[in-house]
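Each remark here refers to the structure printed beneath this line.
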Amino acid sequence: MTVVTVHEAKTHLSRLIARVLAGEEITIARGREPVVKLVPAADTKKPPLRGAFKGQFEFDESFWDPLPEDELAYWNGERD
């Protein structure tokens, strides 16, 4: 964790923002007392791509068959 003074934060705000977006935690202090943290405003990670694993897995046709009644009962909480 990096701690900077208010003066440093005002002088180097753009650089500090870039460091926060790169994953660094930065605290701004008045004198020696920490008062605020710089954090990203929103999740900066990209959402996963749909279909990213398309064609990488093969399923047996029986995969799509309905579950047997006894196994279905377990999934429905009807058996222990």
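Each chain in the structure tokens gets a letter, A, B, ..., in the order shown, and its residues are numbered from 1; ligands are numbered from 1 in order too.
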
For Val20 of chain A, please output as JSON, numbers by chain all residues within 7 Å (counting only C-alpha atoms; exclusion window: fewer than 4 positions along the same chain).
-> {"A": [16, 24, 25, 26, 38, 39, 40]}

Could those selected residues go to a file with N, CA, C and O atoms, as a PDB file, in the first residue's frame?
```
ATOM      1  N   LEU A  16      -1.269   8.773 -10.278  1.00  0.00           N
ATOM      2  CA  LEU A  16      -1.855   7.942  -9.221  1.00  0.00           C
ATOM      3  C   LEU A  16      -3.063   7.171  -9.737  1.00  0.00           C
ATOM      4  O   LEU A  16      -3.253   6.002  -9.399  1.00  0.00           O
ATOM      5  N   GLU A  24      -2.834  -1.102  -7.995  1.00  0.00           N
ATOM      6  CA  GLU A  24      -2.164  -0.655  -6.777  1.00  0.00           C
ATOM      7  C   GLU A  24      -3.162   0.015  -5.833  1.00  0.00           C
ATOM      8  O   GLU A  24      -4.128   0.632  -6.265  1.00  0.00           O
ATOM      9  N   GLU A  25      -2.915  -0.115  -4.533  1.00  0.00           N
ATOM     10  CA  GLU A  25      -3.753   0.529  -3.534  1.00  0.00           C
ATOM     11  C   GLU A  25      -3.036   1.788  -3.060  1.00  0.00           C
ATOM     12  O   GLU A  25      -1.891   1.725  -2.623  1.00  0.00           O
ATOM     13  N   ILE A  26      -3.695   2.924  -3.145  1.00  0.00           N
ATOM     14  CA  ILE A  26      -3.079   4.190  -2.771  1.00  0.00           C
ATOM     15  C   ILE A  26      -3.956   4.896  -1.745  1.00  0.00           C
ATOM     16  O   ILE A  26      -5.167   5.025  -1.928  1.00  0.00           O
ATOM     17  N   LEU A  38      -7.743   5.766  -2.812  1.00  0.00           N
ATOM     18  CA  LEU A  38      -8.112   5.829  -4.222  1.00  0.00           C
ATOM     19  C   LEU A  38      -8.450   4.421  -4.684  1.00  0.00           C
ATOM     20  O   LEU A  38      -7.663   3.496  -4.498  1.00  0.00           O
ATOM     21  N   VAL A  39      -9.638   4.256  -5.255  1.00  0.00           N
ATOM     22  CA  VAL A  39     -10.070   2.961  -5.777  1.00  0.00           C
ATOM     23  C   VAL A  39     -10.740   3.173  -7.127  1.00  0.00           C
ATOM     24  O   VAL A  39     -11.274   4.247  -7.397  1.00  0.00           O
ATOM     25  N   PRO A  40     -10.739   2.168  -7.984  1.00  0.00           N
ATOM     26  CA  PRO A  40     -11.456   2.308  -9.259  1.00  0.00           C
ATOM     27  C   PRO A  40     -12.945   2.513  -9.001  1.00  0.00           C
ATOM     28  O   PRO A  40     -13.523   1.940  -8.086  1.00  0.00           O
TER      29      PRO A  40
END
```

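Every protein or nucleic acid residue with an atom no more than 10 Å from Arg32 of chain A, counting only C-alpha atoms and leaving out same-chain residues fewer than 5 positions away, appears here: Val3, Val4 and Thr5 of chain A.
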
Include all heavy atoms and write out the residues we just selected as an mmCIF file, in the first residue's frame.
```cif
data_model
loop_
_atom_site.group_PDB
_atom_site.id
_atom_site.type_symbol
_atom_site.label_atom_id
_atom_site.label_comp_id
_atom_site.auth_asym_id
_atom_site.auth_seq_id
_atom_site.Cartn_x
_atom_site.Cartn_y
_atom_site.Cartn_z
ATOM 1 N N VAL A 3 1.252 5.324 0.464
ATOM 2 C CA VAL A 3 0.626 6.474 1.119
ATOM 3 C C VAL A 3 1.273 7.732 0.556
ATOM 4 O O VAL A 3 2.494 7.836 0.500
ATOM 5 C CB VAL A 3 0.816 6.420 2.655
ATOM 6 C CG1 VAL A 3 0.191 7.639 3.319
ATOM 7 C CG2 VAL A 3 0.225 5.144 3.219
ATOM 8 N N VAL A 4 0.434 8.672 0.103
ATOM 9 C CA VAL A 4 0.922 9.949 -0.409
ATOM 10 C C VAL A 4 0.219 11.077 0.329
ATOM 11 O O VAL A 4 -0.867 10.901 0.866
ATOM 12 C CB VAL A 4 0.693 10.097 -1.934
ATOM 13 C CG1 VAL A 4 1.446 9.038 -2.703
ATOM 14 C CG2 VAL A 4 -0.776 10.063 -2.273
ATOM 15 N N THR A 5 0.847 12.245 0.338
ATOM 16 C CA THR A 5 0.223 13.406 0.977
ATOM 17 C C THR A 5 -0.785 14.029 0.022
ATOM 18 O O THR A 5 -0.784 13.742 -1.179
ATOM 19 C CB THR A 5 1.281 14.462 1.337
ATOM 20 O OG1 THR A 5 1.855 14.957 0.123
ATOM 21 C CG2 THR A 5 2.350 13.893 2.252
#
```
